[in-house]
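Pasting final12.cif here (mmCIF, C-alpha atoms and all ligand atoms):
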data_protein
#
loop_
_atom_site.label_atom_id
_atom_site.label_comp_id
_atom_site.auth_asym_id
_atom_site.auth_seq_id
_atom_site.Cartn_x
_atom_site.Cartn_y
_atom_site.Cartn_z
CA MET X 24 -10.53 -23.90 1.02
CA THR X 25 -12.11 -20.72 -0.33
CA LEU X 26 -12.34 -18.12 2.43
CA ARG X 27 -15.86 -16.67 2.67
CA ILE X 28 -15.69 -12.97 3.49
CA GLY X 29 -18.37 -10.55 4.70
CA VAL X 30 -17.83 -6.83 4.07
CA ILE X 31 -19.29 -4.13 6.33
CA GLY X 32 -19.29 -0.78 4.49
CA THR X 33 -19.47 -0.73 0.70
CA GLY X 34 -18.22 2.83 0.20
CA MET X 35 -15.14 3.83 -1.70
CA ILE X 36 -12.48 1.56 -0.20
CA GLY X 37 -14.94 -1.26 0.59
CA GLN X 38 -15.77 -1.50 -3.12
CA ASP X 39 -12.08 -1.36 -4.00
CA HIS X 40 -11.27 -4.27 -1.67
CA ILE X 41 -14.26 -6.24 -3.01
CA ARG X 42 -12.95 -5.65 -6.56
CA ARG X 43 -9.45 -6.89 -5.69
CA ILE X 44 -10.71 -9.96 -3.81
CA THR X 45 -13.15 -10.86 -6.61
CA HIS X 46 -11.08 -10.06 -9.69
CA VAL X 47 -7.38 -9.83 -8.75
CA LEU X 48 -6.59 -12.12 -5.82
CA SER X 49 -7.19 -15.81 -5.22
CA GLY X 50 -8.53 -17.97 -2.41
CA ALA X 51 -11.51 -15.91 -1.26
CA GLU X 52 -15.01 -14.85 -2.23
CA ILE X 53 -17.43 -12.23 -0.94
CA THR X 54 -20.48 -13.94 0.55
CA ALA X 55 -22.15 -11.07 2.43
CA VAL X 56 -22.20 -7.28 2.33
CA THR X 57 -23.94 -4.48 4.18
CA ASP X 58 -23.87 -0.71 4.28
CA ALA X 59 -25.73 2.04 6.12
CA ASP X 60 -27.14 2.74 2.65
CA LEU X 61 -28.68 -0.64 1.83
CA ASP X 62 -29.43 0.36 -1.75
CA ALA X 63 -25.71 0.99 -2.24
CA ALA X 64 -24.95 -2.45 -0.77
CA LYS X 65 -27.53 -4.05 -3.10
CA GLN X 66 -25.90 -2.39 -6.11
CA VAL X 67 -22.52 -3.77 -5.10
CA ALA X 68 -24.00 -7.25 -4.44
CA ALA X 69 -25.65 -7.29 -7.87
CA GLU X 70 -22.16 -7.77 -9.34
CA LEU X 71 -21.31 -10.55 -6.86
CA PRO X 72 -22.98 -13.89 -7.51
CA GLY X 73 -23.47 -15.58 -4.17
CA ALA X 74 -23.29 -12.50 -1.94
CA ASP X 75 -26.12 -11.93 0.54
CA VAL X 76 -27.16 -8.39 1.43
CA MET X 77 -27.58 -8.17 5.19
CA ASP X 78 -29.44 -5.46 7.15
CA THR X 79 -26.67 -4.79 9.67
CA GLY X 80 -22.98 -5.32 10.27
CA ASP X 81 -23.86 -7.57 13.19
CA ALA X 82 -25.82 -9.84 10.83
CA VAL X 83 -22.77 -10.05 8.52
CA VAL X 84 -20.58 -11.10 11.45
CA ARG X 85 -23.09 -13.74 12.60
CA SER X 86 -23.81 -15.16 9.13
CA GLU X 87 -23.02 -18.87 8.81
CA ARG X 88 -21.78 -18.12 5.29
CA VAL X 89 -19.05 -15.77 6.60
CA ASP X 90 -15.69 -17.11 7.82
CA ALA X 91 -13.95 -13.72 8.13
CA VAL X 92 -14.98 -10.08 8.17
CA ILE X 93 -13.69 -6.90 6.53
CA VAL X 94 -14.69 -3.61 8.18
CA THR X 95 -14.62 -0.67 5.77
CA SER X 96 -17.36 1.44 7.28
CA TRP X 97 -16.96 4.90 8.76
CA GLY X 98 -14.22 5.10 11.47
CA PRO X 99 -16.49 5.66 14.52
CA THR X 100 -18.35 2.40 13.75
CA HIS X 101 -15.22 0.21 13.66
CA GLU X 102 -15.16 -0.61 17.38
CA GLU X 103 -18.66 -2.13 17.37
CA PHE X 104 -17.98 -4.42 14.41
CA VAL X 105 -14.48 -5.48 15.50
CA LEU X 106 -15.81 -6.36 18.97
CA ALA X 107 -18.67 -8.33 17.39
CA ALA X 108 -16.19 -10.31 15.26
CA ILE X 109 -14.02 -11.08 18.29
CA ALA X 110 -17.11 -12.21 20.23
CA ALA X 111 -18.02 -14.50 17.32
CA GLY X 112 -14.43 -15.85 17.18
CA LYS X 113 -14.04 -14.70 13.54
CA PRO X 114 -10.92 -13.09 12.04
CA VAL X 115 -11.51 -9.43 11.18
CA PHE X 116 -9.60 -7.10 8.89
CA CYS X 117 -10.38 -3.52 9.95
CA GLU X 118 -9.41 -0.57 7.76
CA LYS X 119 -7.62 2.13 9.70
CA PRO X 120 -8.39 3.49 12.23
CA LEU X 121 -8.87 0.48 14.49
CA ALA X 122 -11.05 2.87 16.51
CA THR X 123 -11.22 6.63 16.85
CA THR X 124 -10.32 6.83 20.57
CA THR X 125 -7.60 5.15 22.60
CA GLU X 126 -10.27 3.97 25.08
CA ALA X 127 -12.12 2.16 22.28
CA CYS X 128 -8.84 0.61 21.06
CA ARG X 129 -8.16 -0.56 24.61
CA ARG X 130 -11.58 -2.25 24.77
CA ILE X 131 -10.73 -4.12 21.56
CA ILE X 132 -7.34 -5.17 22.96
CA ASP X 133 -8.97 -6.35 26.20
CA ALA X 134 -11.55 -8.41 24.28
CA GLU X 135 -8.94 -9.93 21.98
CA VAL X 136 -6.59 -10.79 24.85
CA ALA X 137 -9.53 -12.34 26.75
CA SER X 138 -10.31 -14.45 23.65
CA GLY X 139 -6.77 -15.85 23.91
CA ARG X 140 -5.78 -15.45 20.25
CA ARG X 141 -5.11 -12.84 17.62
CA LEU X 142 -8.12 -12.23 15.39
CA VAL X 143 -7.68 -8.60 14.34
CA GLN X 144 -5.59 -7.06 11.57
CA VAL X 145 -5.53 -3.31 10.89
CA GLY X 146 -5.23 -1.83 7.39
CA PHE X 147 -1.85 -0.16 7.46
CA MET X 148 -0.93 -1.12 3.90
CA ARG X 149 2.41 0.67 3.70
CA ARG X 150 3.98 -2.32 5.48
CA TYR X 151 3.22 -4.33 2.30
CA ASP X 152 4.77 -1.84 -0.14
CA SER X 153 7.86 -3.26 -1.85
CA ALA X 154 9.86 -0.02 -1.45
CA TYR X 155 9.14 0.23 2.29
CA ARG X 156 9.97 -3.48 2.69
CA ALA X 157 13.31 -2.90 0.93
CA LEU X 158 14.00 0.09 3.19
CA LYS X 159 13.29 -2.02 6.27
CA SER X 160 15.64 -4.74 5.00
CA VAL X 161 18.46 -2.20 4.65
CA ILE X 162 17.88 -0.89 8.19
CA GLU X 163 17.81 -4.41 9.62
CA SER X 164 20.93 -5.49 7.69
CA GLY X 165 23.00 -2.97 9.68
CA GLU X 166 24.50 -1.62 6.45
CA ILE X 167 23.89 2.04 7.41
CA GLY X 168 24.46 1.58 11.14
CA ALA X 169 21.95 2.44 13.83
CA PRO X 170 19.20 4.84 12.67
CA LEU X 171 19.48 8.35 14.12
CA LEU X 172 17.01 10.41 12.07
CA TYR X 173 14.04 9.61 9.84
CA TYR X 174 12.21 11.96 7.46
CA SER X 175 8.71 11.04 6.28
CA GLY X 176 7.11 13.20 3.58
CA HIS X 177 3.38 12.84 2.88
CA ARG X 178 2.20 15.03 0.02
CA ASN X 179 -1.27 15.18 -1.50
CA PRO X 180 -2.23 17.25 -4.56
CA ASP X 181 -5.37 18.51 -2.81
CA VAL X 182 -8.01 17.60 -0.22
CA PRO X 183 -11.82 18.05 -0.12
CA PRO X 184 -13.38 21.10 1.60
CA SER X 185 -14.45 18.83 4.49
CA TYR X 186 -10.77 18.21 5.40
CA THR X 187 -9.95 19.81 8.78
CA ARG X 188 -6.56 20.65 10.29
CA ASP X 189 -6.80 17.68 12.72
CA MET X 190 -7.21 15.36 9.72
CA ALA X 191 -3.64 16.13 8.64
CA ILE X 192 -2.72 14.12 11.74
CA VAL X 193 -5.50 11.55 12.21
CA ASP X 194 -6.17 10.78 8.53
CA THR X 195 -2.89 11.61 6.79
CA ALA X 196 0.12 11.36 9.14
CA VAL X 197 -1.35 8.28 10.86
CA HIS X 198 0.19 6.20 8.04
CA ASP X 199 3.60 7.82 8.64
CA PHE X 200 3.36 7.12 12.39
CA ASP X 201 2.60 3.45 11.79
CA VAL X 202 5.28 2.93 9.18
CA VAL X 203 7.93 4.59 11.36
CA ARG X 204 7.06 2.33 14.32
CA TRP X 205 7.34 -0.67 11.99
CA LEU X 206 10.53 0.43 10.20
CA LEU X 207 12.39 1.30 13.39
CA ASP X 208 10.72 -1.43 15.46
CA GLU X 209 10.11 0.81 18.45
CA GLU X 210 7.41 2.96 20.00
CA LEU X 211 7.03 6.72 19.66
CA ARG X 212 7.24 8.62 22.94
CA ALA X 213 6.59 12.34 22.25
CA ILE X 214 5.43 14.69 19.50
CA ARG X 215 5.56 18.38 18.64
CA VAL X 216 3.66 19.92 15.71
CA LEU X 217 4.73 23.09 13.91
CA ALA X 218 2.65 24.94 11.32
CA ALA X 219 4.64 26.41 8.43
CA LYS X 220 3.79 29.48 6.40
CA PRO X 221 0.40 28.41 4.99
CA ASN X 222 -0.02 27.29 1.41
CA SER X 223 -2.30 29.95 -0.13
CA LEU X 224 -4.02 27.20 -2.15
CA GLY X 225 -5.34 25.63 1.06
CA GLY X 226 -7.74 28.38 2.17
CA ASP X 227 -7.81 28.63 5.97
CA LEU X 228 -6.15 25.25 6.48
CA GLN X 229 -2.92 25.07 8.49
CA ASP X 230 -0.88 23.40 5.76
CA PRO X 231 1.91 22.29 5.58
CA LEU X 232 2.57 20.85 9.02
CA LEU X 233 5.91 19.63 10.33
CA MET X 234 5.84 17.13 13.18
CA VAL X 235 8.86 16.26 15.27
CA VAL X 236 8.44 12.85 16.85
CA GLU X 237 10.82 11.19 19.32
CA THR X 238 11.14 7.43 19.45
CA ALA X 239 11.75 5.50 22.66
CA SER X 240 15.47 5.14 21.85
CA GLY X 241 15.85 8.82 20.88
CA VAL X 242 15.65 8.68 17.06
CA LEU X 243 14.23 11.99 15.83
CA VAL X 244 11.50 11.63 13.19
CA THR X 245 10.20 14.52 11.13
CA VAL X 246 6.86 14.10 9.37
CA GLU X 247 5.82 16.60 6.73
CA THR X 248 2.20 16.78 5.60
CA SER X 249 1.60 18.97 2.54
CA VAL X 250 -1.93 18.39 1.34
CA ASN X 251 -2.34 21.09 -1.31
CA ILE X 252 0.85 20.60 -3.24
CA ARG X 253 -0.85 20.07 -6.61
CA TYR X 254 2.02 18.28 -8.43
CA GLY X 255 0.96 14.78 -7.32
CA TYR X 256 0.80 12.25 -4.50
CA ASP X 257 4.36 11.92 -3.30
CA ILE X 258 5.54 9.72 -0.44
CA ARG X 259 9.10 10.29 0.76
CA GLY X 260 11.11 8.44 3.35
CA GLU X 261 14.76 8.66 4.31
CA VAL X 262 16.63 7.22 7.24
CA VAL X 263 19.96 8.66 8.36
CA GLY X 264 22.07 6.06 10.11
CA GLU X 265 25.44 6.20 11.84
CA THR X 266 27.38 5.26 8.70
CA GLY X 267 24.99 5.79 5.78
CA THR X 268 21.52 6.72 4.60
CA ALA X 269 18.72 4.88 2.82
CA ALA X 270 15.74 6.43 1.06
CA LEU X 271 12.63 5.31 -0.79
CA ALA X 272 13.54 5.60 -4.47
CA ASP X 273 11.29 7.03 -7.16
CA ARG X 274 9.30 4.19 -8.62
CA ASN X 275 9.11 4.92 -12.33
CA LEU X 276 9.54 2.13 -14.81
CA VAL X 277 10.66 4.64 -17.45
CA ASP X 278 12.14 8.12 -17.39
CA VAL X 279 11.44 10.10 -20.55
CA ARG X 280 14.20 12.35 -21.89
CA SER X 281 12.97 14.89 -24.39
CA ALA X 282 13.12 18.62 -25.17
CA GLY X 283 16.06 19.16 -22.84
CA ARG X 284 14.39 17.60 -19.79
CA VAL X 285 14.18 14.30 -17.91
CA ASN X 286 10.55 13.59 -17.02
CA SER X 287 9.40 11.00 -14.52
CA ALA X 288 5.81 10.59 -13.42
CA VAL X 289 4.45 11.19 -9.91
CA PRO X 290 1.39 9.10 -8.85
CA ALA X 291 -1.93 10.94 -8.98
CA ASP X 292 -3.23 9.62 -5.66
CA TRP X 293 -2.79 7.02 -2.89
CA ARG X 294 -4.69 4.37 -4.81
CA GLU X 295 -2.21 4.51 -7.67
CA ARG X 296 0.83 4.68 -5.38
CA PHE X 297 -0.21 1.80 -3.12
CA VAL X 298 -2.30 -0.45 -5.41
CA ALA X 299 0.25 -3.27 -5.30
CA ALA X 300 0.65 -2.90 -1.52
CA PHE X 301 -3.13 -3.31 -1.01
CA ASP X 302 -3.08 -6.43 -3.22
CA THR X 303 -0.19 -7.96 -1.26
CA GLU X 304 -1.79 -6.99 2.07
CA PHE X 305 -5.02 -8.82 1.24
CA GLN X 306 -3.44 -11.84 -0.47
CA GLU X 307 -1.22 -12.44 2.58
CA TRP X 308 -4.20 -12.00 4.91
CA ILE X 309 -6.38 -14.41 2.88
CA ASN X 310 -3.61 -17.04 2.72
CA THR X 311 -2.96 -16.82 6.46
CA ILE X 312 -6.60 -16.92 7.54
CA ALA X 313 -7.54 -19.66 5.05
CA ALA X 314 -4.72 -21.77 6.51
CA GLY X 315 -6.32 -21.41 9.94
CA LYS X 316 -3.46 -19.28 11.29
CA ALA X 317 -3.55 -16.04 13.30
CA PRO X 318 -3.08 -12.84 11.28
CA THR X 319 0.52 -11.68 11.02
CA GLY X 320 -0.07 -8.07 9.90
CA PRO X 321 -0.61 -4.89 11.96
CA SER X 322 -2.31 -5.87 15.21
CA SER X 323 -4.80 -4.28 17.58
CA TRP X 324 -1.77 -3.04 19.52
CA ASP X 325 -0.48 -1.31 16.38
CA GLY X 326 -3.91 0.23 15.82
CA TYR X 327 -3.99 1.42 19.42
CA ALA X 328 -0.46 2.87 19.26
CA ALA X 329 -1.28 4.77 16.05
CA THR X 330 -4.44 6.23 17.59
CA ALA X 331 -2.49 7.22 20.73
CA VAL X 332 0.13 9.06 18.63
CA CYS X 333 -2.66 10.81 16.71
CA ASP X 334 -4.33 11.91 19.97
CA ALA X 335 -1.04 13.32 21.22
CA GLY X 336 -0.43 14.95 17.83
CA VAL X 337 -3.80 16.72 17.84
CA GLN X 338 -3.13 17.92 21.39
CA ALA X 339 0.33 19.15 20.32
CA LEU X 340 -1.13 20.93 17.28
CA HIS X 341 -3.68 22.78 19.43
CA SER X 342 -1.33 23.61 22.32
CA GLY X 343 1.96 24.16 20.51
CA GLU X 344 3.54 22.04 23.27
CA ARG X 345 5.56 18.83 23.26
CA VAL X 346 3.14 16.06 24.22
CA GLU X 347 4.25 12.70 25.60
CA ILE X 348 2.71 9.44 24.42
CA ALA X 349 2.04 6.87 27.16
CA LEU X 350 0.98 3.46 25.88
CA GLY X 351 1.21 1.36 29.02
CA GLU X 352 2.12 -2.31 29.13
CA LYS X 353 1.95 -4.29 25.88
CA PRO X 354 0.09 -7.60 26.36
CA ALA X 355 2.12 -10.73 25.58
CA LEU X 356 -0.35 -11.66 22.82
CA TYR X 357 1.26 -8.96 20.66
CA GLY X 358 4.87 -10.12 20.95
CA HIS X 359 7.93 -8.36 22.31
P1 LIG B 401 -16.81 5.95 2.54
O1 LIG B 401 -16.68 6.00 1.06
O2 LIG B 401 -17.59 7.03 3.24
O3 LIG B 401 -17.42 4.53 2.90
C1 LIG B 401 -17.82 4.17 4.19
C2 LIG B 401 -19.13 3.41 4.03
O4 LIG B 401 -19.51 2.86 5.29
C3 LIG B 401 -20.27 4.32 3.55
O5 LIG B 401 -20.94 3.70 2.45
C4 LIG B 401 -21.14 4.40 4.79
O6 LIG B 401 -22.51 4.60 4.46
C5 LIG B 401 -20.91 3.06 5.42
N1 LIG B 401 -21.30 2.99 6.82
C6 LIG B 401 -21.23 3.95 7.78
N2 LIG B 401 -21.71 3.49 8.95
C7 LIG B 401 -22.09 2.20 8.73
C8 LIG B 401 -22.67 1.18 9.54
N3 LIG B 401 -22.98 1.41 10.83
N4 LIG B 401 -22.91 -0.03 8.97
C9 LIG B 401 -22.63 -0.27 7.69
N5 LIG B 401 -22.08 0.67 6.86
C10 LIG B 401 -21.81 1.88 7.38
O7 LIG B 401 -15.38 5.93 3.23
P2 LIG B 401 -14.04 5.23 2.70
O8 LIG B 401 -13.19 6.26 2.09
O9 LIG B 401 -14.39 4.01 1.95
O10 LIG B 401 -13.34 4.88 4.11
C11 LIG B 401 -13.79 3.80 4.91
C12 LIG B 401 -12.70 3.49 5.95
O11 LIG B 401 -11.52 3.13 5.27
C13 LIG B 401 -12.34 4.69 6.84
O12 LIG B 401 -12.09 4.25 8.14
C14 LIG B 401 -11.07 5.23 6.20
O13 LIG B 401 -10.21 5.87 7.14
C15 LIG B 401 -10.44 3.95 5.69
N6 LIG B 401 -9.55 4.19 4.54
C16 LIG B 401 -8.27 3.71 4.61
C17 LIG B 401 -7.39 3.97 3.58
C18 LIG B 401 -5.98 3.47 3.62
O14 LIG B 401 -5.11 4.11 3.05
N7 LIG B 401 -5.71 2.34 4.27
C19 LIG B 401 -7.81 4.72 2.47
C20 LIG B 401 -9.14 5.16 2.44
C21 LIG B 401 -10.00 4.89 3.48
P3 LIG B 401 -23.09 6.11 4.35
O15 LIG B 401 -22.23 6.84 3.38
O16 LIG B 401 -24.48 5.91 3.88
O17 LIG B 401 -22.97 6.67 5.75
#
Starting from the file, lay out its structure as structure tokens.
Ligand code: NAP
Amino acid sequence: MTLRIGVIGTGMIGQDHIRRITHVLSGAEITAVTDADLDAAKQVAAELPGADVMDTGDAVVRSERVDAVIVTSWGPTHEEFVLAAIAAGKPVFCEKPLATTTEACRRIIDAEVASGRRLVQVGFMRRYDSAYRALKSVIESGEIGAPLLYYSGHRNPDVPPSYTRDMAIVDTAVHDFDVVRWLLDEELRAIRVLAAKPNSLGGDLQDPLLMVVETASGVLVTVETSVNIRYGYDIRGEVVGETGTAALADRNLVDVRSAGRVNSAVPADWRERFVAAFDTEFQEWINTIAAGKAPTGPSSWDGYAATAVCDAGVQALHSGERVEIALGEKPALYGH
């Protein structure tokens, strides 16, 4: 069966996901699109034989030609469309964030639990990256003993003028928070945020930031965000265990040795670094949904937990205090 997908939001990442589903992956086709800018949606649909342009996201969800929904609109609109998909009983892939407030995430969890089955997957694509998957395998094998410390480096060459200091947490470090929860398989319980000597290339921005996050079992996690570092988009990760360490390796296929130096490339941006992870994320989602199964990727609970850590992080950034993260009881629908 070919999965018929409706896309809400045909901006930058919406178009990228449409491209991968149409030209790279198998088993799915785009049958409906919409955007707040309908002309933009029409332009995208012009390249998609068989895709209807709908006036609203709600119309995409309700379309009889749509089996599953992808939400790639602006963050504050995610709750409305995810709730509509749950009400319609349709699987929905929602780009991060699941919703911009913990209350909104809770409403989604309540609706999904009431529906009795998992329908929602959240777009934390790092879980599909081959290097992160290899790192998780090493941790789970016990080869380096129990994890004690984890360092997560998130470096961007630059950010647009619209980037605010809170975005270092809610837009940037949110990926680090999710991947740490997944790698260590436990919740995060408190966060402190320290601002380093500012990078003069960042204007008034507080950059870099260093976050110290405690997990439920007491592992200490440091997250560095450096978003004006110019040299490239560089994602670091290293776990220190009781008897060894494991780190994400550099991913070059070739190192060039010339003129007395060894040169290896650094990705230009997140699209280059995670292109294969996005492809794997969507192919696995399509295969699972087309087979009539519940999604197996990041759940509404994961989306909620990430938003809760971000909320605490923003509070810690503003107050300079250690802020605790209280998630409450995890519904059985989301596993142990
Ligand atoms: P974008 O280029 O601004 O695209 C968002 C699109 O949604 C815009 O075309 C916008 O239209 C449209 N939109 C807004 N409200 C809408 C509504 N009510 N109904 C239909 N369309 C609506 O943003 P983006 O960079 O693609 O990001 C989209 C989402 O993906 C964000 O939540 C972002 O955090 C997430 N994202 C995730 C990753 C990742 O690493 N996983 C990377 C990038 C982005 P207008 O411009 O006309 O308002």
Check your understanding: Residues at most 6 Å from segment 89-94 of chain X, counting all atoms listed in the file, excluding those fewer than 2 positions away in the same chain, as a PyMOL selection string?
Key -> chain X and resi 27-31+86-87+96+113-117
Review point. Can I get the residues close to ligand LIG 401 (chain B) as JSON, numbers by chain, where close means within 9 Å and we count all atoms listed in the file?
Key: {"X": [30, 31, 32, 33, 34, 35, 36, 37, 38, 39, 56, 57, 58, 59, 60, 61, 63, 64, 78, 79, 80, 81, 94, 95, 96, 97, 98, 99, 100, 101, 103, 104, 117, 118, 119, 120, 121, 122, 145, 146, 147, 148, 149, 193, 194, 195, 198, 293, 294, 297, 301]}
Residues of the last selection are to be written out with C-alpha atoms, as a PDB file, in the frame of the given file.
ATOM      1  CA  VAL X  30     -17.830  -6.830   4.070  1.00  0.00           C
ATOM      2  CA  ILE X  31     -19.290  -4.130   6.330  1.00  0.00           C
ATOM      3  CA  GLY X  32     -19.290  -0.780   4.490  1.00  0.00           C
ATOM      4  CA  THR X  33     -19.470  -0.730   0.700  1.00  0.00           C
ATOM      5  CA  GLY X  34     -18.220   2.830   0.200  1.00  0.00           C
ATOM      6  CA  MET X  35     -15.140   3.830  -1.700  1.00  0.00           C
ATOM      7  CA  ILE X  36     -12.480   1.560  -0.200  1.00  0.00           C
ATOM      8  CA  GLY X  37     -14.940  -1.260   0.590  1.00  0.00           C
ATOM      9  CA  GLN X  38     -15.770  -1.500  -3.120  1.00  0.00           C
ATOM     10  CA  ASP X  39     -12.080  -1.360  -4.000  1.00  0.00           C
ATOM     11  CA  VAL X  56     -22.200  -7.280   2.330  1.00  0.00           C
ATOM     12  CA  THR X  57     -23.940  -4.480   4.180  1.00  0.00           C
ATOM     13  CA  ASP X  58     -23.870  -0.710   4.280  1.00  0.00           C
ATOM     14  CA  ALA X  59     -25.730   2.040   6.120  1.00  0.00           C
ATOM     15  CA  ASP X  60     -27.140   2.740   2.650  1.00  0.00           C
ATOM     16  CA  LEU X  61     -28.680  -0.640   1.830  1.00  0.00           C
ATOM     17  CA  ALA X  63     -25.710   0.990  -2.240  1.00  0.00           C
ATOM     18  CA  ALA X  64     -24.950  -2.450  -0.770  1.00  0.00           C
ATOM     19  CA  ASP X  78     -29.440  -5.460   7.150  1.00  0.00           C
ATOM     20  CA  THR X  79     -26.670  -4.790   9.670  1.00  0.00           C
ATOM     21  CA  GLY X  80     -22.980  -5.320  10.270  1.00  0.00           C
ATOM     22  CA  ASP X  81     -23.860  -7.570  13.190  1.00  0.00           C
ATOM     23  CA  VAL X  94     -14.690  -3.610   8.180  1.00  0.00           C
ATOM     24  CA  THR X  95     -14.620  -0.670   5.770  1.00  0.00           C
ATOM     25  CA  SER X  96     -17.360   1.440   7.280  1.00  0.00           C
ATOM     26  CA  TRP X  97     -16.960   4.900   8.760  1.00  0.00           C
ATOM     27  CA  GLY X  98     -14.220   5.100  11.470  1.00  0.00           C
ATOM     28  CA  PRO X  99     -16.490   5.660  14.520  1.00  0.00           C
ATOM     29  CA  THR X 100     -18.350   2.400  13.750  1.00  0.00           C
ATOM     30  CA  HIS X 101     -15.220   0.210  13.660  1.00  0.00           C
ATOM     31  CA  GLU X 103     -18.660  -2.130  17.370  1.00  0.00           C
ATOM     32  CA  PHE X 104     -17.980  -4.420  14.410  1.00  0.00           C
ATOM     33  CA  CYS X 117     -10.380  -3.520   9.950  1.00  0.00           C
ATOM     34  CA  GLU X 118      -9.410  -0.570   7.760  1.00  0.00           C
ATOM     35  CA  LYS X 119      -7.620   2.130   9.700  1.00  0.00           C
ATOM     36  CA  PRO X 120      -8.390   3.490  12.230  1.00  0.00           C
ATOM     37  CA  LEU X 121      -8.870   0.480  14.490  1.00  0.00           C
ATOM     38  CA  ALA X 122     -11.050   2.870  16.510  1.00  0.00           C
ATOM     39  CA  VAL X 145      -5.530  -3.310  10.890  1.00  0.00           C
ATOM     40  CA  GLY X 146      -5.230  -1.830   7.390  1.00  0.00           C
ATOM     41  CA  PHE X 147      -1.850  -0.160   7.460  1.00  0.00           C
ATOM     42  CA  MET X 148      -0.930  -1.120   3.900  1.00  0.00           C
ATOM     43  CA  ARG X 149       2.410   0.670   3.700  1.00  0.00           C
ATOM     44  CA  VAL X 193      -5.500  11.550  12.210  1.00  0.00           C
ATOM     45  CA  ASP X 194      -6.170  10.780   8.530  1.00  0.00           C
ATOM     46  CA  THR X 195      -2.890  11.610   6.790  1.00  0.00           C
ATOM     47  CA  HIS X 198       0.190   6.200   8.040  1.00  0.00           C
ATOM     48  CA  TRP X 293      -2.790   7.020  -2.890  1.00  0.00           C
ATOM     49  CA  ARG X 294      -4.690   4.370  -4.810  1.00  0.00           C
ATOM     50  CA  PHE X 297      -0.210   1.800  -3.120  1.00  0.00           C
ATOM     51  CA  PHE X 301      -3.130  -3.310  -1.010  1.00  0.00           C
TER      52      PHE X 301
END
Produce a table with one row for each residue of segment 193-242 of chain X that has an atom at most 12 Å from any atom of segment 323-343 of chain X, each row naming the nearest atom pair and its distance in Å at one decimal; use only C-alpha atoms; arrange rows by chain and rising residue number; format as a tab-separated table.
residue	atom	partner	partner_atom	distance
X:Val193	CA	X:Cys333	CA	5.4
X:Asp194	CA	X:Cys333	CA	8.9
X:Thr195	CA	X:Cys333	CA	10.0
X:Ala196	CA	X:Cys333	CA	8.1
X:Val197	CA	X:Ala329	CA	6.3
X:His198	CA	X:Ala329	CA	8.3
X:Asp199	CA	X:Ala329	CA	9.4
X:Phe200	CA	X:Ala329	CA	6.4
X:Asp201	CA	X:Ala329	CA	5.9
X:Val202	CA	X:Ala329	CA	9.7
X:Val203	CA	X:Ala329	CA	10.3
X:Arg204	CA	X:Asp325	CA	8.6
X:Trp205	CA	X:Asp325	CA	9.0
X:Asp208	CA	X:Asp325	CA	11.2
X:Glu209	CA	X:Ala328	CA	10.8
X:Glu210	CA	X:Ala328	CA	7.9
X:Leu211	CA	X:Val332	CA	7.4
X:Arg212	CA	X:Val332	CA	8.3
X:Ala213	CA	X:Ala335	CA	7.8
X:Ile214	CA	X:Gly336	CA	6.1
X:Arg215	CA	X:Ala339	CA	5.5
X:Val216	CA	X:Leu340	CA	5.1
X:Leu217	CA	X:Leu340	CA	7.1
X:Ala218	CA	X:Leu340	CA	8.1
X:Ala219	CA	X:Leu340	CA	11.9
X:Gln229	CA	X:Leu340	CA	9.9
X:Asp230	CA	X:Leu340	CA	11.8
X:Leu232	CA	X:Leu340	CA	9.1
X:Leu233	CA	X:Leu340	CA	10.0
X:Met234	CA	X:Gly336	CA	8.1
X:Val235	CA	X:Gly336	CA	9.7
X:Val236	CA	X:Gly336	CA	9.2
X:Glu237	CA	X:Val332	CA	10.9
X:Thr238	CA	X:Val332	CA	11.2
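Omitting Val47 of chain X and its sequence neighbours fewer than 6 positions away, and counting all atoms listed in the file, the residues within 12 Å are X:Asp39, X:His40, X:Ile41, X:Val298, X:Ala299, X:Phe301, X:Asp302, X:Thr303, X:Phe305, X:Gln306.
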Output C-alpha atoms of each residue in that selection to a file, as an mmCIF file, in the frame of the given file.
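Output below, filename result_30.cif:
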data_model
loop_
_atom_site.group_PDB
_atom_site.id
_atom_site.type_symbol
_atom_site.label_atom_id
_atom_site.label_comp_id
_atom_site.auth_asym_id
_atom_site.auth_seq_id
_atom_site.Cartn_x
_atom_site.Cartn_y
_atom_site.Cartn_z
ATOM 1 C CA ASP X 39 -12.080 -1.360 -4.000
ATOM 2 C CA HIS X 40 -11.270 -4.270 -1.670
ATOM 3 C CA ILE X 41 -14.260 -6.240 -3.010
ATOM 4 C CA VAL X 298 -2.300 -0.450 -5.410
ATOM 5 C CA ALA X 299 0.250 -3.270 -5.300
ATOM 6 C CA PHE X 301 -3.130 -3.310 -1.010
ATOM 7 C CA ASP X 302 -3.080 -6.430 -3.220
ATOM 8 C CA THR X 303 -0.190 -7.960 -1.260
ATOM 9 C CA PHE X 305 -5.020 -8.820 1.240
ATOM 10 C CA GLN X 306 -3.440 -11.840 -0.470
#
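Taking atom CA of Tyr357 of chain X as the reference point, atom CA of Gly320 of chain X is found at 10.9 Å.
Distances to Pro321 of chain X were evaluated for X:Pro184, X:Gly358, X:Gly264, X:Gly176 using only C-alpha atoms, and the minimum falls at X:Gly358.
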